[in-house]
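**Student:** What follows is a single structure, and I will ask about it in a moment.
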Amino acid sequence: MKPRSSRLLRVLRENRFPATMKMNLTDPRIAEMAGLAGYDALWLCQEHVPTDWVELENTIRAAKLHDVDTLVRVAKGGYSNYVRPLEADATGIIVPHVESADEARQIVEWTRFHPIGKRALDSGNADGGYATVDMAAYIAHANAEKLIILQIESPEGLAQVEAIAAVPGFNGFLFGPGDFSHRIGLAGQLTNPETTAARRRVAKAARANGKFVWAAGLYAPFAELVADGHNVFNVGSDVGGLNTWFQQRLDVLRNHVKELPAGATAKQNPYG
């Protein structure tokens, strides 16, 4: 068996912009639909979403059917929480609320194999083809093609972002404008000057160290995000899309009702 390589990295190497979608729902069929639509990667979540391990594994499996990467935002803090998504063959993990270079080094140590890190070895899971992948190939592939993404989303993390960016062994940053704006007392103001300056500082630090920058959403003009240095883009979420669709469909009916002649609805109501 040949391990699957990252589509996101492949798109970046072709100097194109990978498109991602955030999944808050846990139905693997949504992952398949995103794959059919042409997304490059899905952002899955165990930090804020009660996704269990079986649901996660099935969603990863569904995405792989369409060559779609899966990037799992892990529950903060534990070695096993960081490694299990990788062993389920997620393409990568996102570690939230990283605030120091020491923490970044610990994450790399836990999630990369020798000689980069000290990750414990078990190729008997999905990422190792259930022990069918040559061990040397398994280790080399994991170190080269599995993505480790660190999320900067606090003033403390921002203060250390240049030192964090210089840590070798991880691939990119995801800036969290929602949490950052909340932490500075401006919750929801994603483009306020302080949050915008923070976003740009994160992007500059990443690109100066050869790492990609993932935009959590199109919350600022696309050209502006590109100029800042962003080169991976999350363009929405499943719940956001469904909320919009539900409202649009309801508005269609309400608008048709408004167009009826006066009294038409009441006259045709058999229960009136």
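Chain labels follow the order of the structure tokens: the first chain is A, the next B, and so on; residue numbering restarts at 1 in every chain, and ligands are counted from 1 in their shown order.
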Let's see if you can do this: from backbone DSSP, list all alpha helix (DSSP H) residues in segment 43-271 of chain A, as a ChimeraX atom specification.
**Tutor:** /A:53-64,79-87,101-111,135-145,155-159,161-165,177-183,193-208,222-228,238-259,264-267
**Student:** Which residues, written as a PyMOL selection string, have at least one atom at most 8 Å from Gly229 of chain A, with only C-alpha atoms counted and residues fewer than 5 positions away on the same chain left out?
**Tutor:** chain A and resi 200+203-204+207+213
**Student:** List the spatial neighbours of Glu153 of chain A as a count of residues only - criterion: any atom at most 7 Å away, only C-alpha atoms, same-chain residues fewer than 6 positions off excluded.
**Tutor:** 6
**Student:** Near segment 146-149 of chain A, within 6 Å and counting only C-alpha atoms, which residues show up once chain neighbours fewer than 4 positions away are dropped, as a ChimeraX atom specification?
**Tutor:** /A:91-94,142,170-173
**Student:** So which one's closest to Ala165 of chain A, A:Arg183, A:Arg199, A:Lys211, A:Arg119? Using only C-alpha atoms, please.
**Tutor:** A:Lys211
**Student:** As a list in words, please: the residues near His48 of chain A (cut-off 12 Å, only C-alpha atoms, same-chain neighbours under 5 positions excluded).
**Tutor:**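 That gives Met23, Asn24, Leu25, Val72, Arg73, Val74, Ala75, Lys76 and Pro96 of chain A.
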**Student:** With DSSP run on the backbone, what are the strand (DSSP E or B) residues within segment 198-239 of chain A? I'd like them as a tab-separated table (two decimals) with C-alpha atoms, in the first residue's frame.
**Tutor:**
chain	number	residue	atom	x	y	z
A	212	PHE	CA	1.74	28.62	5.00
A	213	VAL	CA	-0.99	30.85	6.41
A	214	TRP	CA	-4.57	29.63	6.52
A	215	ALA	CA	-7.40	32.18	6.62
A	232	VAL	CA	-4.97	28.68	2.18
A	233	PHE	CA	-8.61	29.74	2.48
A	234	ASN	CA	-11.56	28.46	4.47
A	235	VAL	CA	-14.65	29.62	2.61
A	236	GLY	CA	-17.46	28.69	4.98
A	237	SER	CA	-19.04	25.99	7.10
**Student:** If you count only C-alpha atoms, which residues fall within 8 Å of segment 112-114 of chain A, apart from same-chain ones fewer than 5 positions away, as JSON, numbers by chain?
**Tutor:** {"A": [119, 120, 121, 139, 142, 143, 169]}
**Student:** A:Ala140, A:Leu225, A:Ile107, A:Leu86: which is nearest Pro168 of chain A, counting only C-alpha atoms?
**Tutor:**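 Checking each candidate against Pro168 of chain A, we get A:Ile107 as the closest.
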